[in-house]
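Listing of final_14.pdb; format and content: PDB, C-alpha atoms.
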ATOM      1  CA  MET A   1       7.612 103.357  83.601  1.00  0.00           C
ATOM      2  CA  THR A   2      10.480 104.257  85.907  1.00  0.00           C
ATOM      3  CA  ILE A   3      10.917 103.408  89.574  1.00  0.00           C
ATOM      4  CA  GLU A   4      12.951 106.130  91.255  1.00  0.00           C
ATOM      5  CA  ALA A   5      14.563 105.771  94.674  1.00  0.00           C
ATOM      6  CA  LYS A   6      15.846 109.170  95.764  1.00  0.00           C
ATOM      7  CA  ASN A   7      18.179 109.787  98.721  1.00  0.00           C
ATOM      8  CA  VAL A   8      17.001 106.607 100.482  1.00  0.00           C
ATOM      9  CA  THR A   9      18.430 106.085 103.965  1.00  0.00           C
ATOM     10  CA  VAL A  10      17.546 103.126 106.202  1.00  0.00           C
ATOM     11  CA  SER A  11      19.013 102.295 109.610  1.00  0.00           C
ATOM     12  CA  PHE A  12      18.591  99.319 111.949  1.00  0.00           C
ATOM     13  CA  ASP A  13      19.513  99.527 115.625  1.00  0.00           C
ATOM     14  CA  GLY A  14      21.656 102.604 115.039  1.00  0.00           C
ATOM     15  CA  ARG A  15      23.494 101.057 112.050  1.00  0.00           C
ATOM     16  CA  THR A  16      22.960 102.729 108.670  1.00  0.00           C
ATOM     17  CA  VAL A  17      22.317 100.051 106.047  1.00  0.00           C
ATOM     18  CA  LEU A  18      21.421 102.336 103.138  1.00  0.00           C
ATOM     19  CA  ASP A  19      22.914 105.822 103.135  1.00  0.00           C
ATOM     20  CA  ASN A  20      21.465 108.394 100.733  1.00  0.00           C
ATOM     21  CA  VAL A  21      20.950 105.864  97.885  1.00  0.00           C
ATOM     22  CA  THR A  22      19.587 107.153  94.585  1.00  0.00           C
ATOM     23  CA  PHE A  23      18.718 104.583  91.932  1.00  0.00           C
ATOM     24  CA  ASN A  24      16.328 104.363  88.946  1.00  0.00           C
ATOM     25  CA  ILE A  25      14.887 101.306  87.199  1.00  0.00           C
ATOM     26  CA  SER A  26      13.298 101.817  83.792  1.00  0.00           C
ATOM     27  CA  SER A  27      11.398  99.454  81.534  1.00  0.00           C
ATOM     28  CA  ASP A  28      13.818  97.444  79.388  1.00  0.00           C
ATOM     29  CA  ASP A  29      16.662  97.937  81.906  1.00  0.00           C
ATOM     30  CA  THR A  30      18.395  95.026  83.574  1.00  0.00           C
ATOM     31  CA  TRP A  31      20.311  95.898  86.727  1.00  0.00           C
ATOM     32  CA  VAL A  32      22.492  93.839  89.031  1.00  0.00           C
ATOM     33  CA  ILE A  33      22.697  95.201  92.568  1.00  0.00           C
ATOM     34  CA  THR A  34      25.781  93.721  94.203  1.00  0.00           C
ATOM     35  CA  GLY A  35      27.257  93.908  97.648  1.00  0.00           C
ATOM     36  CA  LYS A  36      28.449  91.742 100.470  1.00  0.00           C
ATOM     37  CA  GLU A  37      26.032  90.162 102.925  1.00  0.00           C
ATOM     38  CA  GLY A  38      24.443  92.867 105.061  1.00  0.00           C
ATOM     39  CA  SER A  39      25.151  95.662 102.573  1.00  0.00           C
ATOM     40  CA  GLY A  40      21.459  96.513 102.143  1.00  0.00           C
ATOM     41  CA  LYS A  41      20.496  94.730  98.930  1.00  0.00           C
ATOM     42  CA  SER A  42      17.367  93.111 100.387  1.00  0.00           C
ATOM     43  CA  THR A  43      16.509  96.290 102.260  1.00  0.00           C
ATOM     44  CA  LEU A  44      16.638  98.301  99.031  1.00  0.00           C
ATOM     45  CA  ILE A  45      14.342  95.761  97.385  1.00  0.00           C
ATOM     46  CA  ASP A  46      11.924  96.008 100.311  1.00  0.00           C
ATOM     47  CA  VAL A  47      11.920  99.801  99.890  1.00  0.00           C
ATOM     48  CA  PHE A  48      11.257  99.467  96.131  1.00  0.00           C
ATOM     49  CA  LEU A  49       8.347  97.123  96.832  1.00  0.00           C
ATOM     50  CA  GLY A  50       6.869  99.332  99.542  1.00  0.00           C
ATOM     51  CA  LEU A  51       7.475  96.672 102.211  1.00  0.00           C
ATOM     52  CA  ARG A  52       9.696  99.032 104.214  1.00  0.00           C
ATOM     53  CA  LYS A  53       9.564 102.798 104.564  1.00  0.00           C
ATOM     54  CA  PRO A  54      12.907 104.561 104.365  1.00  0.00           C
ATOM     55  CA  ASP A  55      14.009 106.739 107.292  1.00  0.00           C
ATOM     56  CA  LYS A  56      14.783 109.449 104.731  1.00  0.00           C
ATOM     57  CA  GLY A  57      14.190 109.776 101.018  1.00  0.00           C
ATOM     58  CA  TYR A  58      11.422 108.260  98.917  1.00  0.00           C
ATOM     59  CA  VAL A  59      10.464 105.911  96.096  1.00  0.00           C
ATOM     60  CA  SER A  60       8.230 107.203  93.321  1.00  0.00           C
ATOM     61  CA  LEU A  61       6.774 105.792  90.129  1.00  0.00           C
ATOM     62  CA  LEU A  62       7.382 107.989  87.123  1.00  0.00           C
ATOM     63  CA  GLY A  63       5.618 107.978  83.771  1.00  0.00           C
ATOM     64  CA  ASP A  64       2.155 106.749  82.849  1.00  0.00           C
ATOM     65  CA  TYR A  65       1.731 104.223  85.642  1.00  0.00           C
ATOM     66  CA  LYS A  66      -1.640 102.784  86.629  1.00  0.00           C
ATOM     67  CA  TYR A  67      -0.760 101.525  90.126  1.00  0.00           C
ATOM     68  CA  ASP A  68       0.116 103.315  93.351  1.00  0.00           C
ATOM     69  CA  ARG A  69       2.962 100.882  94.047  1.00  0.00           C
ATOM     70  CA  VAL A  70       5.377  98.714  92.108  1.00  0.00           C
ATOM     71  CA  ASN A  71       3.684  95.855  90.253  1.00  0.00           C
ATOM     72  CA  ALA A  72       6.434  93.226  90.362  1.00  0.00           C
ATOM     73  CA  GLY A  73       7.115  89.547  89.992  1.00  0.00           C
ATOM     74  CA  VAL A  74       9.421  88.857  92.925  1.00  0.00           C
ATOM     75  CA  VAL A  75      11.856  86.169  94.038  1.00  0.00           C
ATOM     76  CA  PHE A  76      12.676  86.785  97.697  1.00  0.00           C
ATOM     77  CA  GLN A  77      15.801  85.448  99.428  1.00  0.00           C
ATOM     78  CA  GLU A  78      13.665  82.795 101.075  1.00  0.00           C
ATOM     79  CA  ASP A  79      11.436  80.682  98.839  1.00  0.00           C
ATOM     80  CA  ARG A  80       7.983  81.749 100.118  1.00  0.00           C
ATOM     81  CA  LEU A  81       6.216  78.875  98.376  1.00  0.00           C
ATOM     82  CA  CYS A  82       3.000  77.279  99.605  1.00  0.00           C
ATOM     83  CA  GLU A  83       4.694  74.117 100.849  1.00  0.00           C
ATOM     84  CA  TYR A  84       1.631  71.844 100.694  1.00  0.00           C
ATOM     85  CA  PHE A  85       0.837  72.880  97.114  1.00  0.00           C
ATOM     86  CA  SER A  86       2.416  71.388  94.007  1.00  0.00           C
ATOM     87  CA  ALA A  87       4.684  73.463  91.806  1.00  0.00           C
ATOM     88  CA  GLU A  88       1.834  73.934  89.352  1.00  0.00           C
ATOM     89  CA  GLU A  89      -0.570  75.056  92.085  1.00  0.00           C
ATOM     90  CA  ASN A  90       2.001  77.644  93.223  1.00  0.00           C
ATOM     91  CA  ILE A  91       1.958  79.107  89.688  1.00  0.00           C
ATOM     92  CA  VAL A  92      -1.848  79.077  89.349  1.00  0.00           C
ATOM     93  CA  LEU A  93      -2.066  80.791  92.738  1.00  0.00           C
ATOM     94  CA  VAL A  94      -0.342  83.925  91.369  1.00  0.00           C
ATOM     95  CA  ASN A  95      -1.873  83.861  87.881  1.00  0.00           C
ATOM     96  CA  ASN A  96      -5.340  82.390  87.505  1.00  0.00           C
ATOM     97  CA  ARG A  97      -5.053  82.599  83.720  1.00  0.00           C
ATOM     98  CA  TYR A  98      -2.779  79.575  83.933  1.00  0.00           C
ATOM     99  CA  SER A  99      -4.236  76.080  84.049  1.00  0.00           C
ATOM    100  CA  GLU A 100      -2.226  73.508  85.968  1.00  0.00           C
ATOM    101  CA  LYS A 101      -1.238  71.969  82.614  1.00  0.00           C
ATOM    102  CA  ARG A 102       0.038  75.304  81.276  1.00  0.00           C
ATOM    103  CA  ALA A 103       1.844  75.919  84.568  1.00  0.00           C
ATOM    104  CA  GLY A 104       3.439  72.463  84.295  1.00  0.00           C
ATOM    105  CA  ASP A 105       4.593  73.190  80.759  1.00  0.00           C
ATOM    106  CA  GLU A 106       6.143  76.483  81.880  1.00  0.00           C
ATOM    107  CA  LEU A 107       7.834  74.836  84.875  1.00  0.00           C
ATOM    108  CA  ALA A 108       9.242  72.102  82.621  1.00  0.00           C
ATOM    109  CA  THR A 109      11.524  74.703  81.048  1.00  0.00           C
ATOM    110  CA  LEU A 110      13.557  74.721  84.303  1.00  0.00           C
ATOM    111  CA  ILE A 111      12.634  71.564  86.242  1.00  0.00           C
ATOM    112  CA  SER A 112      12.067  67.936  85.353  1.00  0.00           C
ATOM    113  CA  ARG A 113       8.452  66.862  84.910  1.00  0.00           C
ATOM    114  CA  GLU A 114       9.065  64.206  87.577  1.00  0.00           C
ATOM    115  CA  TYR A 115       8.718  67.011  90.167  1.00  0.00           C
ATOM    116  CA  LEU A 116       5.254  68.063  89.000  1.00  0.00           C
ATOM    117  CA  GLY A 117       2.172  67.157  91.025  1.00  0.00           C
ATOM    118  CA  ILE A 118       4.153  66.745  94.272  1.00  0.00           C
ATOM    119  CA  PRO A 119       3.872  69.067  97.293  1.00  0.00           C
ATOM    120  CA  VAL A 120       6.873  71.391  97.089  1.00  0.00           C
ATOM    121  CA  MET A 121       7.830  70.541 100.698  1.00  0.00           C
ATOM    122  CA  LYS A 122       9.035  67.182  99.320  1.00  0.00           C
ATOM    123  CA  LEU A 123      11.206  68.661  96.577  1.00  0.00           C
ATOM    124  CA  PRO A 124      14.971  69.383  96.572  1.00  0.00           C
ATOM    125  CA  GLU A 125      16.046  72.938  97.441  1.00  0.00           C
ATOM    126  CA  ASP A 126      17.370  73.722  93.950  1.00  0.00           C
ATOM    127  CA  VAL A 127      14.055  72.657  92.400  1.00  0.00           C
ATOM    128  CA  LYS A 128      12.152  74.877  94.844  1.00  0.00           C
ATOM    129  CA  ARG A 129      14.347  77.800  93.805  1.00  0.00           C
ATOM    130  CA  CYS A 130      13.542  77.196  90.136  1.00  0.00           C
ATOM    131  CA  ILE A 131       9.833  77.114  90.994  1.00  0.00           C
ATOM    132  CA  CYS A 132      10.228  80.536  92.659  1.00  0.00           C
ATOM    133  CA  ILE A 133      11.863  81.902  89.507  1.00  0.00           C
ATOM    134  CA  VAL A 134       9.158  80.542  87.193  1.00  0.00           C
ATOM    135  CA  ARG A 135       6.417  81.758  89.542  1.00  0.00           C
ATOM    136  CA  ALA A 136       7.834  85.311  89.569  1.00  0.00           C
ATOM    137  CA  CYS A 137       8.018  85.332  85.776  1.00  0.00           C
ATOM    138  CA  CYS A 138       4.396  84.141  85.471  1.00  0.00           C
ATOM    139  CA  ILE A 139       2.995  87.017  87.537  1.00  0.00           C
ATOM    140  CA  PRO A 140       1.488  89.715  85.314  1.00  0.00           C
ATOM    141  CA  SER A 141       3.865  92.546  86.228  1.00  0.00           C
ATOM    142  CA  ASP A 142       5.861  95.515  85.004  1.00  0.00           C
ATOM    143  CA  VAL A 143       9.211  94.543  86.513  1.00  0.00           C
ATOM    144  CA  LEU A 144      10.948  91.430  87.857  1.00  0.00           C
ATOM    145  CA  ILE A 145      12.825  91.843  91.135  1.00  0.00           C
ATOM    146  CA  MET A 146      14.983  88.926  92.230  1.00  0.00           C
ATOM    147  CA  ASP A 147      16.876  88.693  95.520  1.00  0.00           C
ATOM    148  CA  GLU A 148      19.622  86.033  95.399  1.00  0.00           C
ATOM    149  CA  PRO A 149      17.592  84.046  92.844  1.00  0.00           C
ATOM    150  CA  PHE A 150      20.354  81.595  91.937  1.00  0.00           C
ATOM    151  CA  ARG A 151      21.416  80.400  95.373  1.00  0.00           C
ATOM    152  CA  LYS A 152      21.494  76.602  95.560  1.00  0.00           C
ATOM    153  CA  LEU A 153      21.655  76.305  91.748  1.00  0.00           C
ATOM    154  CA  SER A 154      24.478  74.588  89.884  1.00  0.00           C
ATOM    155  CA  PRO A 155      26.395  76.712  87.345  1.00  0.00           C
ATOM    156  CA  LYS A 156      24.562  74.930  84.498  1.00  0.00           C
ATOM    157  CA  LYS A 157      21.129  75.486  86.072  1.00  0.00           C
ATOM    158  CA  ARG A 158      22.074  79.101  86.874  1.00  0.00           C
ATOM    159  CA  LYS A 159      22.733  79.770  83.168  1.00  0.00           C
ATOM    160  CA  GLU A 160      19.459  78.083  82.212  1.00  0.00           C
ATOM    161  CA  ALA A 161      17.620  80.227  84.778  1.00  0.00           C
ATOM    162  CA  ILE A 162      19.249  83.455  83.534  1.00  0.00           C
ATOM    163  CA  ASP A 163      18.251  82.600  79.951  1.00  0.00           C
ATOM    164  CA  TYR A 164      14.717  81.717  81.061  1.00  0.00           C
ATOM    165  CA  ILE A 165      14.288  84.997  82.980  1.00  0.00           C
ATOM    166  CA  LYS A 166      15.587  87.043  80.057  1.00  0.00           C
ATOM    167  CA  ASP A 167      13.146  85.351  77.661  1.00  0.00           C
ATOM    168  CA  ALA A 168      10.203  85.502  80.074  1.00  0.00           C
ATOM    169  CA  ALA A 169      10.770  89.177  80.935  1.00  0.00           C
ATOM    170  CA  GLY A 170      10.382  90.469  77.407  1.00  0.00           C
ATOM    171  CA  HIS A 171      10.388  94.257  77.754  1.00  0.00           C
ATOM    172  CA  LYS A 172      10.036  94.329  81.541  1.00  0.00           C
ATOM    173  CA  GLY A 173      12.756  95.764  83.690  1.00  0.00           C
ATOM    174  CA  ILE A 174      14.736  93.220  85.712  1.00  0.00           C
ATOM    175  CA  VAL A 175      16.592  93.783  88.970  1.00  0.00           C
ATOM    176  CA  TYR A 176      18.872  91.103  90.378  1.00  0.00           C
ATOM    177  CA  ALA A 177      20.322  91.527  93.867  1.00  0.00           C
ATOM    178  CA  GLN A 178      23.192  89.228  94.760  1.00  0.00           C
ATOM    179  CA  ARG A 179      26.673  89.189  96.174  1.00  0.00           C
ATOM    180  CA  THR A 180      28.389  88.990  92.771  1.00  0.00           C
ATOM    181  CA  ASP A 181      27.479  89.603  89.150  1.00  0.00           C
ATOM    182  CA  GLU A 182      28.470  86.041  88.150  1.00  0.00           C
ATOM    183  CA  GLY A 183      26.672  85.185  84.911  1.00  0.00           C
ATOM    184  CA  LEU A 184      25.235  88.709  84.730  1.00  0.00           C
ATOM    185  CA  GLU A 185      28.344  90.629  83.713  1.00  0.00           C
ATOM    186  CA  ALA A 186      26.661  92.117  80.613  1.00  0.00           C
ATOM    187  CA  TYR A 187      24.080  94.068  82.641  1.00  0.00           C
ATOM    188  CA  LYS A 188      24.163  97.448  84.373  1.00  0.00           C
ATOM    189  CA  LYS A 189      25.729  97.386  87.851  1.00  0.00           C
ATOM    190  CA  PHE A 190      24.876  99.119  91.108  1.00  0.00           C
ATOM    191  CA  LYS A 191      27.175  98.335  94.032  1.00  0.00           C
ATOM    192  CA  LEU A 192      26.171  98.797  97.651  1.00  0.00           C
TER     193      LEU A 192
END

Would you write the structure of this file as C-alpha coordinates?
Amino acid sequence: MTIEAKNVTVSFDGRTVLDNVTFNISSDDTWVITGKEGSGKSTLIDVFLGLRKPDKGYVSLLGDYKYDRVNAGVVFQEDRLCEYFSAEENIVLVNNRYSEKRAGDELATLISREYLGIPVMKLPEDVKRCICIVRACCIPSDVLIMDEPFRKLSPKKRKEAIDYIKDAAGHKGIVYAQRTDEGLEAYKKFKL
(Lines of atoms letter the chains of each structure in order from A and count residues from 1; the text may use other names and numbers.)
(Lines give C-alpha, C1' and ligand atoms only; values in the text may rest on other atoms or scores of the structure.)
Protein backbone atom coordinates (compact mmCIF):
# COMPACT_ATOMS: atom_id res chain seq x y z
CA MET A 1 0.00 0.00 0.00
CA THR A 2 1.28 3.44 -0.92
CA ILE A 3 -0.29 6.82 -0.20
CA GLU A 4 0.67 9.26 -2.94
CA ALA A 5 0.25 13.02 -2.67
CA LYS A 6 0.90 14.55 -6.08
CA ASN A 7 1.37 18.28 -6.75
CA VAL A 8 -0.66 19.23 -3.66
CA THR A 9 -1.27 22.96 -3.23
CA VAL A 10 -3.30 24.47 -0.37
CA SER A 11 -3.85 28.15 0.37
CA PHE A 12 -5.53 29.99 3.25
CA ASP A 13 -6.65 33.60 2.93
CA GLY A 14 -4.41 34.16 -0.08
CA ARG A 15 -1.34 32.60 1.60
CA THR A 16 0.02 29.40 0.04
CA VAL A 17 0.75 26.88 2.80
CA LEU A 18 1.58 23.89 0.60
CA ASP A 19 2.97 24.59 -2.85
CA ASN A 20 3.08 21.74 -5.37
CA VAL A 21 4.03 19.09 -2.75
CA THR A 22 4.63 15.54 -3.95
CA PHE A 23 5.18 12.87 -1.30
CA ASN A 24 4.69 9.08 -1.02
CA ILE A 25 4.26 6.90 2.06
CA SER A 26 4.70 3.16 1.64
CA SER A 27 4.17 0.29 4.05
CA ASP A 28 7.28 -0.24 6.18
CA ASP A 29 8.41 3.38 5.65
CA THR A 30 8.92 5.76 8.54
CA TRP A 31 8.95 9.44 7.59
CA VAL A 32 9.54 12.58 9.61
CA ILE A 33 7.92 15.68 8.13
CA THR A 34 9.64 18.71 9.61
CA GLY A 35 9.12 22.41 9.33
CA LYS A 36 8.59 25.49 11.42
CA GLU A 37 5.19 26.35 12.86
CA GLY A 38 2.82 27.29 10.05
CA SER A 39 4.82 25.48 7.36
CA GLY A 40 1.92 23.17 6.45
CA LYS A 41 2.71 19.97 8.33
CA SER A 42 -0.77 19.61 9.84
CA THR A 43 -2.37 20.70 6.58
CA LEU A 44 -0.51 17.97 4.68
CA ILE A 45 -1.70 15.42 7.23
CA ASP A 46 -5.28 16.65 6.84
CA VAL A 47 -4.93 16.21 3.06
CA PHE A 48 -3.55 12.67 3.52
CA LEU A 49 -6.48 11.80 5.78
CA GLY A 50 -9.07 13.29 3.45
CA LEU A 51 -10.04 15.94 6.02
CA ARG A 52 -9.10 18.76 3.63
CA LYS A 53 -9.27 18.91 -0.14
CA PRO A 54 -6.25 20.45 -1.83
CA ASP A 55 -6.76 23.48 -4.09
CA LYS A 56 -4.67 21.64 -6.69
CA GLY A 57 -3.23 18.16 -6.90
CA TYR A 58 -4.55 14.95 -5.36
CA VAL A 59 -3.98 12.10 -2.94
CA SER A 60 -4.40 8.54 -4.17
CA LEU A 61 -4.03 5.08 -2.68
CA LEU A 62 -1.87 2.79 -4.76
CA GLY A 63 -1.63 -0.99 -4.66
CA ASP A 64 -4.15 -3.55 -3.47
CA TYR A 65 -6.05 -1.34 -1.05
CA LYS A 66 -9.49 -2.23 0.29
CA TYR A 67 -10.60 1.24 1.44
CA ASP A 68 -11.47 4.41 -0.45
CA ARG A 69 -9.49 6.54 2.01
CA VAL A 70 -6.50 6.19 4.30
CA ASN A 71 -7.08 3.78 7.18
CA ALA A 72 -4.88 5.36 9.86
CA GLY A 73 -4.23 5.47 13.56
CA VAL A 74 -3.82 9.19 14.19
CA VAL A 75 -2.41 11.46 16.89
CA PHE A 76 -3.60 15.00 16.16
CA GLN A 77 -1.88 18.13 17.50
CA GLU A 78 -4.65 18.47 20.05
CA ASP A 79 -5.46 15.45 22.19
CA ARG A 80 -9.04 14.72 21.01
CA LEU A 81 -9.74 12.37 23.91
CA CYS A 82 -13.18 11.77 25.40
CA GLU A 83 -12.49 13.78 28.55
CA TYR A 84 -15.10 12.09 30.77
CA PHE A 85 -13.88 8.60 29.84
CA SER A 86 -10.97 6.81 31.48
CA ALA A 87 -7.82 6.07 29.52
CA GLU A 88 -8.95 2.48 29.08
CA GLU A 89 -12.39 3.54 27.82
CA ASN A 90 -10.70 5.80 25.24
CA ILE A 91 -8.84 2.73 23.91
CA VAL A 92 -11.91 0.46 23.87
CA LEU A 93 -13.80 3.20 22.04
CA VAL A 94 -11.51 2.87 18.99
CA ASN A 95 -11.00 -0.90 19.14
CA ASN A 96 -13.82 -3.00 20.56
CA ARG A 97 -11.59 -6.09 20.49
CA TYR A 98 -9.87 -4.66 23.55
CA SER A 99 -11.30 -5.25 27.01
CA GLU A 100 -10.67 -2.51 29.55
CA LYS A 101 -8.14 -4.83 31.22
CA ARG A 102 -6.23 -5.37 27.96
CA ALA A 103 -6.39 -1.63 27.27
CA GLY A 104 -5.00 -0.97 30.76
CA ASP A 105 -2.15 -3.40 30.18
CA GLU A 106 -1.30 -1.70 26.88
CA LEU A 107 -1.47 1.77 28.46
CA ALA A 108 0.81 0.64 31.30
CA THR A 109 3.66 0.43 28.80
CA LEU A 110 3.70 4.27 28.70
CA ILE A 111 1.80 5.51 31.77
CA SER A 112 1.65 4.52 35.42
CA ARG A 113 -1.24 2.28 36.44
CA GLU A 114 -2.20 4.93 39.01
CA TYR A 115 -3.75 6.90 36.11
CA LEU A 116 -6.06 4.08 35.03
CA GLY A 117 -9.77 4.22 35.80
CA ILE A 118 -9.79 8.03 36.14
CA PRO A 119 -11.52 10.42 33.71
CA VAL A 120 -8.77 11.76 31.45
CA MET A 121 -9.86 15.35 32.19
CA LYS A 122 -8.23 14.87 35.62
CA LEU A 123 -4.90 13.64 34.28
CA PRO A 124 -1.66 15.58 33.63
CA GLU A 125 -1.07 16.81 30.07
CA ASP A 126 1.90 14.51 29.44
CA VAL A 127 -0.16 11.48 30.49
CA LYS A 128 -2.98 12.53 28.15
CA ARG A 129 -0.46 12.73 25.31
CA CYS A 130 0.74 9.19 26.02
CA ILE A 131 -2.87 7.99 26.00
CA CYS A 132 -3.28 9.55 22.53
CA ILE A 133 -0.20 7.68 21.31
CA VAL A 134 -1.35 4.33 22.70
CA ARG A 135 -4.87 4.88 21.35
CA ALA A 136 -3.55 5.57 17.83
CA CYS A 137 -1.42 2.43 17.94
CA CYS A 138 -4.39 0.30 19.07
CA ILE A 139 -6.56 1.28 16.10
CA PRO A 140 -6.59 -1.46 13.45
CA SER A 141 -4.94 0.50 10.64
CA ASP A 142 -2.50 0.44 7.75
CA VAL A 143 -0.46 3.49 8.73
CA LEU A 144 0.21 5.61 11.83
CA ILE A 145 0.12 9.38 11.34
CA MET A 146 1.29 11.49 14.26
CA ASP A 147 1.19 15.29 14.41
CA GLU A 148 3.50 16.67 17.13
CA PRO A 149 3.03 13.47 19.16
CA PHE A 150 5.77 14.19 21.70
CA ARG A 151 4.85 17.70 22.79
CA LYS A 152 4.68 17.97 26.58
CA LEU A 153 6.79 14.81 27.02
CA SER A 154 10.11 14.73 28.85
CA PRO A 155 13.14 13.52 26.86
CA LYS A 156 13.00 10.17 28.70
CA LYS A 157 9.27 9.71 28.02
CA ARG A 158 9.78 10.82 24.40
CA LYS A 159 12.30 7.98 23.88
CA GLU A 160 9.95 5.50 25.53
CA ALA A 161 7.12 6.68 23.27
CA ILE A 162 9.27 6.41 20.11
CA ASP A 163 10.25 2.85 21.08
CA TYR A 164 6.63 1.97 21.85
CA ILE A 165 5.38 3.32 18.50
CA LYS A 166 8.08 1.46 16.58
CA ASP A 167 7.18 -1.82 18.31
CA ALA A 168 3.42 -1.30 18.02
CA ALA A 169 3.59 -0.35 14.32
CA GLY A 170 5.14 -3.58 13.15
CA HIS A 171 5.09 -3.36 9.35
CA LYS A 172 2.82 -0.31 9.14
CA GLY A 173 4.08 2.91 7.68
CA ILE A 174 4.62 5.72 10.19
CA VAL A 175 4.53 9.45 9.55
CA TYR A 176 5.65 11.90 12.22
CA ALA A 177 5.09 15.62 11.71
CA GLN A 178 6.99 17.92 14.03
CA ARG A 179 9.22 20.95 14.08
CA THR A 180 12.45 18.94 14.44
CA ASP A 181 13.58 15.36 13.93
CA GLU A 182 14.82 15.10 17.55
CA GLY A 183 14.94 11.42 18.48
CA LEU A 184 13.93 10.44 14.94
CA GLU A 185 17.18 11.16 13.12
CA ALA A 186 17.41 7.61 11.71
CA TYR A 187 14.22 7.95 9.64
CA LYS A 188 13.51 9.40 6.20
CA LYS A 189 13.04 13.19 6.17
CA PHE A 190 10.67 15.49 4.31
CA LYS A 191 11.08 19.20 5.03
CA LEU A 192 8.36 21.75 4.42

**OP:** Please write the residues picked by the PyMOL selection byres ((chain A and resi 117) around 9) on this file as a ChimeraX atom specification.
**Re:** /A:85-89,104,113-116,118-120

Subject >> Matched chain/residue IDs from the PyMOL selection byres ((chain A and resi 92) around 10), as a PyMOL selection string >> reply: chain A and resi 86-91+93-104+135+138-139

Subject >> Proximity to Ser27 of chain A - best of A:Asp142, A:Asp13, A:Glu106, A:Glu83, all atoms listed in the file >> reply: A:Asp142

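Residues selected in this file by the PyMOL selection byres ((chain A and resi 43-60) around 7) comprise Ile3, Glu4, Ala5, Lys6, Asn7, Val8, Thr9, Val10, Gly40, Lys41, Ser42, Leu61, Leu62, Arg69 and Val70 of chain A.
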
Original post:
Need the neighbours of (17.4, 81.8, 80.8): which residues are at most 12 Å away, counting all atoms listed in the file, as a list of chain:residue names?
Top reply: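 Selection result: A:Thr109, A:Leu110, A:Cys130, A:Ile133, A:Val134, A:Cys137, A:Phe150, A:Lys156, A:Lys157, A:Arg158, A:Lys159, A:Glu160, A:Ala161, A:Ile162, A:Asp163, A:Tyr164, A:Ile165, A:Lys166, A:Asp167, A:Ala168, A:Ala169, A:Gly170, A:Gly183, A:Leu184.
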
**OP:** Kindly give the distance, in Å, that separates atom CA of Leu153 of chain A and atom CA of His171 of chain A, rounded to a single decimal.
**Re:** 25.4 Å
